[in-house]
>>> print(open('protein15.txt').read())   # compact mmCIF, C-alpha atoms and all ligand atoms
# COMPACT_ATOMS: atom_id res chain seq x y z
CA MET Y 25 108.70 120.91 95.26
CA PRO Y 26 105.52 118.83 95.06
CA ARG Y 27 102.67 120.51 96.85
CA THR Y 28 100.71 118.67 99.44
CA ARG Y 29 96.98 118.82 99.70
CA SER Y 30 94.97 117.41 102.49
CA ARG Y 31 91.33 116.71 102.72
CA HIS Y 32 89.33 114.94 105.31
CA ARG Y 33 87.40 111.78 104.80
CA ARG Y 34 84.81 110.37 107.07
CA GLY Y 35 86.11 107.20 108.67
CA ILE Y 36 83.01 105.06 108.58
CA HIS Y 37 79.50 105.52 107.29
CA ILE Y 38 77.74 107.87 109.66
CA LEU Y 39 74.05 107.02 109.07
CA PRO Y 40 74.00 103.59 110.79
CA LEU Y 41 75.89 105.14 113.72
CA LEU Y 42 73.36 107.97 113.92
CA LEU Y 43 70.41 105.54 113.92
CA ALA Y 44 72.09 103.42 116.57
CA ALA Y 45 72.69 106.50 118.72
CA VAL Y 46 69.03 107.57 118.41
CA ALA Y 47 67.84 104.06 119.30
CA LEU Y 48 70.19 103.99 122.28
CA GLY Y 49 68.92 107.40 123.39
CA ILE Y 50 65.26 106.30 123.27
CA GLY Y 51 66.09 103.11 125.12
CA LEU Y 52 67.94 105.00 127.82
CA PHE Y 53 65.10 107.53 128.16
CA VAL Y 54 62.52 104.74 128.62
CA TYR Y 55 64.79 102.99 131.10
CA LEU Y 56 65.35 106.17 133.12
CA ARG Y 57 61.63 106.95 133.13
CA SER Y 58 60.76 103.50 134.43
CA GLY Y 59 63.57 103.79 136.97
CA ALA Y 60 62.17 107.04 138.29
CA GLU Y 61 58.76 105.50 138.86
CA THR Y 62 60.07 102.41 140.57
CA PRO Y 63 59.90 102.36 144.36
CA PRO Y 64 63.38 102.83 145.83
CA TYR Y 65 63.53 99.38 147.45
CA GLU Y 66 63.53 97.70 144.05
CA HIS Y 67 66.92 99.28 143.40
CA SER Y 68 68.37 97.93 146.58
CA ILE Y 69 70.53 94.92 145.87
CA GLN Y 70 70.57 94.05 149.56
CA GLY Y 71 66.82 94.42 149.73
CA SER Y 72 66.99 94.89 153.49
CA ASP Y 73 67.26 98.62 154.03
CA THR Y 74 64.44 100.45 152.31
CA SER Y 75 64.17 103.35 154.71
CA ASP Y 76 66.84 105.63 153.26
CA SER Y 77 65.87 106.07 149.65
CA ASP Y 78 68.66 108.57 148.95
CA GLU Y 79 71.37 106.10 149.79
CA VAL Y 80 69.81 103.38 147.73
CA GLN Y 81 68.97 105.49 144.74
CA ALA Y 82 72.08 107.57 144.46
CA PRO Y 83 74.43 105.11 142.78
CA ASP Y 84 71.81 104.02 140.27
CA ALA Y 85 70.83 107.55 139.39
CA GLU Y 86 74.44 108.46 138.84
CA ASP Y 87 75.21 105.44 136.71
CA ASN Y 88 72.36 106.07 134.34
CA GLY Y 89 72.02 109.79 134.61
CA GLY Y 90 75.25 110.70 132.85
CA SER Y 91 74.34 109.00 129.61
CA GLY Y 92 77.91 109.50 128.37
CA GLU Y 93 79.27 107.52 131.31
CA THR Y 94 78.00 104.12 130.26
CA ALA Y 95 80.59 101.80 128.73
CA PRO Y 96 80.66 102.04 124.93
CA PRO Y 97 79.38 99.01 123.04
CA PRO Y 98 82.12 96.63 121.84
CA ARG Y 99 83.53 97.57 118.46
CA PRO Y 100 82.82 95.22 115.54
CA ASP Y 101 85.72 92.98 114.47
CA HIS Y 102 85.47 93.93 110.82
CA VAL Y 103 84.58 97.24 109.22
CA THR Y 104 85.07 98.97 105.90
CA THR Y 105 86.22 102.59 105.84
CA ALA Y 106 84.31 105.13 103.75
CA SER Y 107 87.15 104.99 101.25
CA GLY Y 108 86.69 101.21 100.89
CA ILE Y 109 89.52 99.81 103.04
CA ASP Y 110 88.47 96.53 104.74
CA CYS Y 111 89.87 96.50 108.27
CA THR Y 112 90.11 94.14 111.24
CA LEU Y 113 90.23 95.17 114.88
CA THR Y 114 93.69 94.32 116.22
CA GLU Y 115 95.44 94.56 119.58
CA LEU Y 116 98.99 95.70 118.87
CA GLY Y 117 100.52 95.32 122.33
CA ASP Y 118 102.04 98.00 124.57
CA ASP Y 119 105.32 98.31 122.64
CA ALA Y 120 103.40 99.78 119.70
CA ILE Y 121 103.14 103.16 121.45
CA TYR Y 122 106.94 103.34 121.79
CA THR Y 123 107.98 102.10 118.34
CA GLY Y 124 108.00 103.76 114.93
CA GLU Y 125 108.89 106.84 112.95
CA LEU Y 126 106.53 109.34 114.58
CA LEU Y 127 107.79 109.10 118.17
CA VAL Y 128 108.07 112.38 120.02
CA VAL Y 129 111.21 112.25 122.17
CA SER Y 130 112.06 115.22 124.38
CA ASN Y 131 112.98 116.07 127.95
CA ALA Y 132 109.25 115.78 128.70
CA VAL Y 133 108.86 112.44 126.87
CA PRO Y 134 111.81 110.05 127.37
CA PHE Y 135 112.69 107.40 124.81
CA HIS Y 136 111.72 103.81 125.71
CA PHE Y 137 114.85 101.86 124.86
CA PRO Y 138 113.91 98.61 123.11
CA GLU Y 139 115.80 95.39 123.81
CA GLU Y 140 117.09 95.41 120.26
CA GLN Y 141 117.37 98.28 117.84
CA GLU Y 142 118.06 97.84 114.14
CA LEU Y 143 120.93 100.11 113.13
CA VAL Y 144 123.30 100.22 110.16
CA ASN Y 145 126.81 101.57 109.85
CA VAL Y 146 126.79 104.77 107.80
CA TYR Y 147 130.38 104.49 106.54
CA ASP Y 148 129.74 101.02 105.14
CA ASN Y 149 126.42 101.85 103.50
CA LYS Y 150 126.51 105.48 102.37
CA THR Y 151 126.75 106.77 98.83
CA THR Y 152 129.70 108.93 97.68
CA SER Y 153 127.67 112.17 97.80
CA TYR Y 154 128.75 113.13 101.35
CA TYR Y 155 131.24 112.41 104.12
CA VAL Y 156 130.71 110.79 107.47
CA ARG Y 157 132.62 111.76 110.63
CA ASP Y 158 134.17 108.34 111.22
CA MET Y 159 133.41 104.64 110.96
CA GLU Y 160 131.35 104.58 114.17
CA VAL Y 161 128.24 106.46 113.09
CA TYR Y 162 124.99 104.49 112.94
CA LEU Y 163 121.43 105.16 111.75
CA ALA Y 164 118.17 103.28 111.45
CA PRO Y 165 118.07 101.69 107.96
CA VAL Y 166 115.11 103.82 106.78
CA ALA Y 167 116.89 107.02 107.77
CA LEU Y 168 120.16 106.06 106.05
CA GLU Y 169 118.36 105.05 102.87
CA ALA Y 170 116.55 108.42 102.83
CA LEU Y 171 119.78 110.31 103.60
CA ASN Y 172 121.54 108.60 100.69
CA ARG Y 173 118.76 109.59 98.31
CA MET Y 174 118.64 113.16 99.63
CA MET Y 175 122.38 113.71 99.33
CA ASP Y 176 122.45 112.12 95.85
CA GLY Y 177 119.68 114.58 94.95
CA PHE Y 178 121.71 117.46 96.37
CA ILE Y 179 124.75 116.56 94.23
CA ALA Y 180 122.58 115.91 91.15
CA GLN Y 181 121.13 119.43 91.24
CA GLY Y 182 124.61 120.98 91.46
CA GLY Y 183 125.59 120.79 95.15
CA SER Y 184 129.23 120.26 96.13
CA LYS Y 185 130.57 117.33 98.08
CA THR Y 186 131.13 119.22 101.31
CA VAL Y 187 128.46 117.85 103.66
CA ASN Y 188 129.78 115.83 106.57
CA MET Y 189 127.36 113.71 108.58
CA VAL Y 190 128.70 114.03 112.11
CA ALA Y 191 126.09 112.45 114.38
CA GLY Y 192 123.45 109.75 114.11
CA HIS Y 193 122.27 107.26 116.70
CA ARG Y 194 123.39 107.89 120.27
CA THR Y 195 123.28 105.52 123.19
CA LYS Y 196 122.18 106.74 126.60
CA GLU Y 197 125.83 106.59 127.73
CA VAL Y 198 127.01 108.84 124.91
CA GLN Y 199 124.26 111.36 125.68
CA GLU Y 200 125.27 111.23 129.35
CA HIS Y 201 128.85 112.00 128.33
CA LEU Y 202 127.74 114.93 126.11
CA PHE Y 203 125.58 116.33 128.90
CA ASP Y 204 128.35 116.09 131.51
CA GLN Y 205 130.87 117.58 129.08
CA SER Y 206 128.62 120.58 128.42
CA SER Y 207 127.90 120.94 132.12
CA ASP Y 208 131.62 120.89 133.01
CA LEU Y 209 132.42 123.37 130.27
CA ASN Y 210 129.52 125.82 130.54
CA GLY Y 211 127.71 125.03 133.78
CA LEU Y 212 124.67 122.92 134.59
CA ASP Y 213 122.14 125.62 133.62
CA HIS Y 214 123.61 125.90 130.15
CA ALA Y 215 123.67 122.14 129.70
CA GLN Y 216 120.04 121.85 130.75
CA GLU Y 217 119.02 124.48 128.24
CA TYR Y 218 120.94 123.17 125.25
CA VAL Y 219 121.59 119.47 125.71
CA ALA Y 220 118.86 116.86 125.97
CA GLN Y 221 118.84 114.82 129.16
CA PRO Y 222 120.31 111.32 128.81
CA GLY Y 223 117.42 109.10 127.68
CA CYS Y 224 115.57 112.09 126.25
CA SER Y 225 117.51 112.78 123.04
CA GLU Y 226 115.90 112.20 119.65
CA HIS Y 227 119.25 110.76 118.59
CA HIS Y 228 118.41 107.64 120.63
CA THR Y 229 115.83 106.71 117.97
CA GLY Y 230 118.41 106.32 115.16
CA LEU Y 231 116.10 108.48 113.02
CA VAL Y 232 118.12 111.67 113.49
CA LEU Y 233 121.28 113.07 111.95
CA ASP Y 234 123.40 116.19 112.34
CA LEU Y 235 125.23 117.77 109.41
CA HIS Y 236 128.48 119.74 109.36
CA LEU Y 237 130.65 121.01 106.49
CA PHE Y 238 134.05 119.72 105.44
CA PHE Y 239 136.11 121.33 102.66
CA SER Y 240 138.82 119.85 100.45
CA ASP Y 241 141.45 122.11 102.04
CA GLY Y 242 140.82 120.34 105.34
CA THR Y 243 138.81 123.14 107.00
CA SER Y 244 135.38 122.63 108.44
CA GLU Y 245 132.39 124.80 109.31
CA ASP Y 246 129.05 124.62 111.06
CA TYR Y 247 126.14 123.71 108.82
CA ASP Y 248 123.52 126.48 108.80
CA GLY Y 249 121.34 125.47 105.86
CA THR Y 250 121.98 128.66 103.86
CA GLY Y 251 123.61 129.28 100.48
CA GLU Y 252 123.86 126.14 98.37
CA TYR Y 253 122.73 124.09 101.39
CA ALA Y 254 119.35 125.85 101.49
CA TRP Y 255 118.30 123.25 98.89
CA ILE Y 256 118.65 120.51 101.52
CA ASN Y 257 116.59 122.34 104.15
CA GLN Y 258 113.93 123.21 101.58
CA HIS Y 259 113.66 119.74 100.01
CA CYS Y 260 114.32 117.41 102.93
CA GLN Y 261 110.59 116.69 103.38
CA ASP Y 262 110.50 115.10 99.91
CA TYR Y 263 112.80 112.44 101.38
CA GLY Y 264 110.91 112.05 104.66
CA PHE Y 265 113.01 114.42 106.82
CA VAL Y 266 112.05 117.56 108.69
CA VAL Y 267 114.21 120.32 110.15
CA ARG Y 268 113.20 119.37 113.66
CA TYR Y 269 114.13 122.48 115.67
CA ARG Y 270 113.30 125.92 114.37
CA GLY Y 271 113.65 129.20 116.21
CA ASP Y 272 109.95 130.04 115.78
CA LYS Y 273 108.93 126.73 117.41
CA GLN Y 274 111.31 126.91 120.37
CA ALA Y 275 108.50 127.66 122.84
CA ILE Y 276 106.95 124.30 121.91
CA THR Y 277 110.01 122.07 121.34
CA GLY Y 278 112.17 123.58 124.08
CA ILE Y 279 115.17 123.52 121.72
CA ALA Y 280 116.73 126.49 119.95
CA ASP Y 281 117.16 126.83 116.17
CA GLU Y 282 119.18 123.84 114.83
CA PRO Y 283 119.29 123.98 111.02
CA TRP Y 284 121.74 121.04 111.00
CA HIS Y 285 119.53 118.56 112.88
CA PHE Y 286 117.27 116.47 110.62
CA ARG Y 287 114.63 114.07 111.85
CA TYR Y 288 113.23 111.25 109.74
CA VAL Y 289 109.44 110.88 110.08
CA GLY Y 290 108.88 109.36 106.65
CA LEU Y 291 106.41 110.19 103.93
CA PRO Y 292 103.72 111.37 103.78
CA HIS Y 293 104.12 112.86 107.27
CA ALA Y 294 107.17 115.03 106.54
CA ALA Y 295 105.32 116.61 103.60
CA GLU Y 296 102.19 117.20 105.70
CA MET Y 297 104.18 118.72 108.59
CA VAL Y 298 105.78 121.23 106.22
CA GLU Y 299 102.48 121.92 104.44
CA GLN Y 300 100.70 122.60 107.75
CA ASP Y 301 103.77 124.36 109.23
CA LEU Y 302 103.73 122.14 112.33
CA CYS Y 303 106.62 120.88 114.45
CA LEU Y 304 106.42 117.26 115.60
CA GLU Y 305 104.75 118.06 118.95
CA GLU Y 306 102.07 120.06 117.13
CA TYR Y 307 101.69 117.43 114.42
CA ILE Y 308 101.05 114.66 116.95
CA ASP Y 309 98.31 116.83 118.47
CA TYR Y 310 96.90 117.55 115.02
CA LEU Y 311 96.71 113.82 114.25
CA ARG Y 312 94.63 113.26 117.40
CA GLY Y 313 91.80 114.98 115.52
CA PHE Y 314 91.64 112.10 113.01
CA THR Y 315 90.28 109.09 114.87
CA PHE Y 316 89.18 105.86 113.22
CA GLU Y 317 85.50 106.49 113.97
CA GLY Y 318 85.75 110.13 112.96
CA GLU Y 319 87.33 111.76 109.97
CA HIS Y 320 90.49 110.27 108.50
CA LEU Y 321 93.28 112.48 107.24
CA THR Y 322 94.03 112.15 103.55
CA ILE Y 323 97.44 113.36 102.46
CA GLU Y 324 98.42 113.75 98.84
CA CYS Y 325 102.10 114.34 98.18
CA GLY Y 326 104.69 113.54 95.55
CA ALA Y 327 104.93 109.98 96.86
CA GLY Y 328 101.20 109.26 96.45
CA THR Y 329 97.96 109.43 98.39
CA TYR Y 330 97.68 108.22 101.98
CA GLU Y 331 94.89 107.73 104.49
CA VAL Y 332 95.81 108.27 108.13
CA TRP Y 333 94.09 107.76 111.47
CA TYR Y 334 95.04 108.02 115.12
CA GLU Y 335 94.01 105.62 117.87
CA LYS Y 336 94.34 106.25 121.56
CA GLY Y 337 95.77 103.11 123.16
CA THR Y 338 96.93 100.04 121.26
CA GLU Y 339 93.72 98.49 119.92
CA THR Y 340 92.97 99.70 116.42
CA TYR Y 341 91.71 98.70 113.01
CA LEU Y 342 94.33 97.58 110.51
CA PRO Y 343 93.78 97.11 106.76
CA ASP Y 344 93.29 93.49 105.65
CA SER Y 345 95.50 94.08 102.62
CA GLY Y 346 97.54 96.75 100.90
CA GLU Y 347 100.51 98.78 102.06
CA TYR Y 348 100.24 100.28 105.54
CA TRP Y 349 102.34 100.84 108.64
CA VAL Y 350 101.85 101.74 112.27
CA SER Y 351 103.83 104.10 114.48
CA GLY Y 352 103.42 104.98 118.11
CA ASN Y 353 103.58 108.62 119.22
CA ASN Y 354 105.58 107.71 122.39
CA ILE Y 355 102.78 109.28 124.47
CA ASP Y 356 99.36 107.68 124.36
CA GLY Y 357 98.54 106.00 121.08
CA VAL Y 358 99.33 104.91 117.55
CA ILE Y 359 99.02 106.30 114.05
CA VAL Y 360 98.06 104.07 111.11
CA THR Y 361 99.17 105.20 107.66
CA CYS Y 362 97.72 103.46 104.57
CA LYS Y 363 98.76 103.92 100.98
CA VAL Y 364 95.65 104.49 98.88
CA ASN Y 365 95.64 102.71 95.55
CA GLU Y 366 94.46 105.00 92.78
ZN ZN Y 401 121.22 116.61 116.63
>>> encode(input="protein15.txt", output="structure tokens", more="lines below")
Ligand SMILES: [Zn+2]
Amino acid sequence: MPRTRSRHRRGIHILPLLLAAVALGIGLFVYLRSGAETPPYEHSIQGSDTSDSDEVQAPDAEDNGGSGETAPPPRPDHVTTASGIDCTLTELGDDAIYTGELLVVSNAVPFHFPEEQELVNVYDNKTTSYYVRDMEVYLAPVALEALNRMMDGFIAQGGSKTVNMVAGHRTKEVQEHLFDQSSDLNGLDHAQEYVAQPGCSEHHTGLVLDLHLFFSDGTSEDYDGTGEYAWINQHCQDYGFVVRYRGDKQAITGIADEPWHFRYVGLPHAAEMVEQDLCLEEYIDYLRGFTFEGEHLTIECGAGTYEVWYEKGTETYLPDSGEYWVSGNNIDGVIVTCKVNE
């Protein structure tokens, strides 16, 4: 298994920023000093009531007093990162937060259903290394391509053809049906604990798949990721998947151990999540520490070297050239991932 190393790079050169901050500080100090010595009536926009200096002064003093409160200066249109990537400031539009491979979807964070979703039929496009439940299972193209490569890898290293892919993309209606079925069978409390609410299942993204086992004698079994199948659970990150729900992360994800449920997040993020031992909720928080103006995250994995930053909102810097992609986190911002040419 290729090891992942991360190191942190400073996003932009810090010295000009530091000088600018000092200059701004001196300017503000001078301005505040002059403000304090100015008679109160000069602050009054109305100019009529000069008797109550408190009322007139208060808003001004507050505006300038909290030096962190003033609006930040506009960001330059073009900048070069410390690692030499030329970037342009770009407004991505609101959909950017709700689109991509790093979306957190849970009962706390519902999926935003797009008008159109690109899905492919697994039966028609899979390799011969595994089975699929029936001809009505769909996945996002990136997830199916990665699944094909992972299962081919499993067979190539000596695995048997016994893995059955039993669930992929789910519509809201299907999830509703599953929820009601569980509720009818085991009660509402049980359903709420074990089945995602309709609209809140990761399966809606098309980036998720569930595995089961099917044997040549016609019997089947739950997939638990042990024995010969441990290879899949231990190597899935090399193909961009993570075992999304683990028992030791249940307090954070709200879902019990599910060794059969794989989530595609792509590379290099799957490798970094495993390296840092973070579930997706934790990883999204971790990425918030790597803003464009601050340090960028550098991830080195078997697939190459990548530079990553997080931006709150939808306005961010994008590389002028080279391979890069953007994903929302489904909460408050976007993550930009750039392949670094070496
Ligand atoms: Zn699942």
>>> residues_near_ligand(input="protein15.txt", ligand="ligand ZN 401 (chain Y)", cutoff="12 Å", atoms="only C-alpha atoms and all ligand atoms", output="MDAnalysis selection string")
chainID Y and resid 189:194 199 202 218:220 225:236 247 267:269 279:288
>>> atom_distance(input="protein15.txt", atom1="CA of Gly264 (chain Y)", atom2="CA of Gln216 (chain Y)")
29.3 Å
>>> closest_residue(input="protein15.txt", among="Y:Pro343, Y:Gly211, Y:Gly313, Y:Gly182", to="Tyr253 (chain Y)", atoms="all atoms listed in the file")
Y:Gly182
>>> closest_atom_pairs(input="protein15.txt", of="region 272-335 of chain Y", to="region 93-109 of chain Y", cutoff="12 Å", atoms="only C-alpha atoms", output="tab-separated table")
residue	atom	partner	partner_atom	distance
Y:Thr315	CA	Y:Thr105	CA	11.8
Y:Phe316	CA	Y:Thr105	CA	8.6
Y:Glu317	CA	Y:Thr105	CA	9.0
Y:Gly318	CA	Y:Thr105	CA	10.4
Y:Glu319	CA	Y:Ala106	CA	9.6
Y:His320	CA	Y:Thr105	CA	9.2
Y:Leu321	CA	Y:Ser107	CA	11.4
Y:Thr322	CA	Y:Ser107	CA	10.2
Y:Tyr330	CA	Y:Ser107	CA	11.0
Y:Glu331	CA	Y:Ser107	CA	8.8
Y:Val332	CA	Y:Thr105	CA	11.4
Y:Trp333	CA	Y:Thr105	CA	11.0
>>> atom_distance(input="protein15.txt", atom1="CA of Phe265 (chain Y)", atom2="CA of Gly290 (chain Y)")
6.5 Å
>>> atom_distance(input="protein15.txt", atom1="CA of Tyr122 (chain Y)", atom2="CA of Gly357 (chain Y)")
8.8 Å
>>> closest_atom_pairs(input="protein15.txt", of="region 132-182 of chain Y", to="region 349-356 of chain Y", cutoff="9 Å", atoms="only C-alpha atoms", output="JSON lines")
{"residue": "Y:Val133", "atom": "CA", "partner": "Y:Ile355", "partner_atom": "CA", "distance": 7.3}
{"residue": "Y:Pro134", "atom": "CA", "partner": "Y:Asn354", "partner_atom": "CA", "distance": 8.3}
{"residue": "Y:Phe135", "atom": "CA", "partner": "Y:Asn354", "partner_atom": "CA", "distance": 7.5}
{"residue": "Y:His136", "atom": "CA", "partner": "Y:Asn354", "partner_atom": "CA", "distance": 8.0}
>>> residues_around(input="protein15.txt", residues="Ala164 (chain Y)", least_positions_apart="3", cutoff="7 Å", atoms="only C-alpha atoms", output="list in words")
Glu142, Leu143, Val144, Ala167, Leu168, Gly230 and Leu231 of chain Y
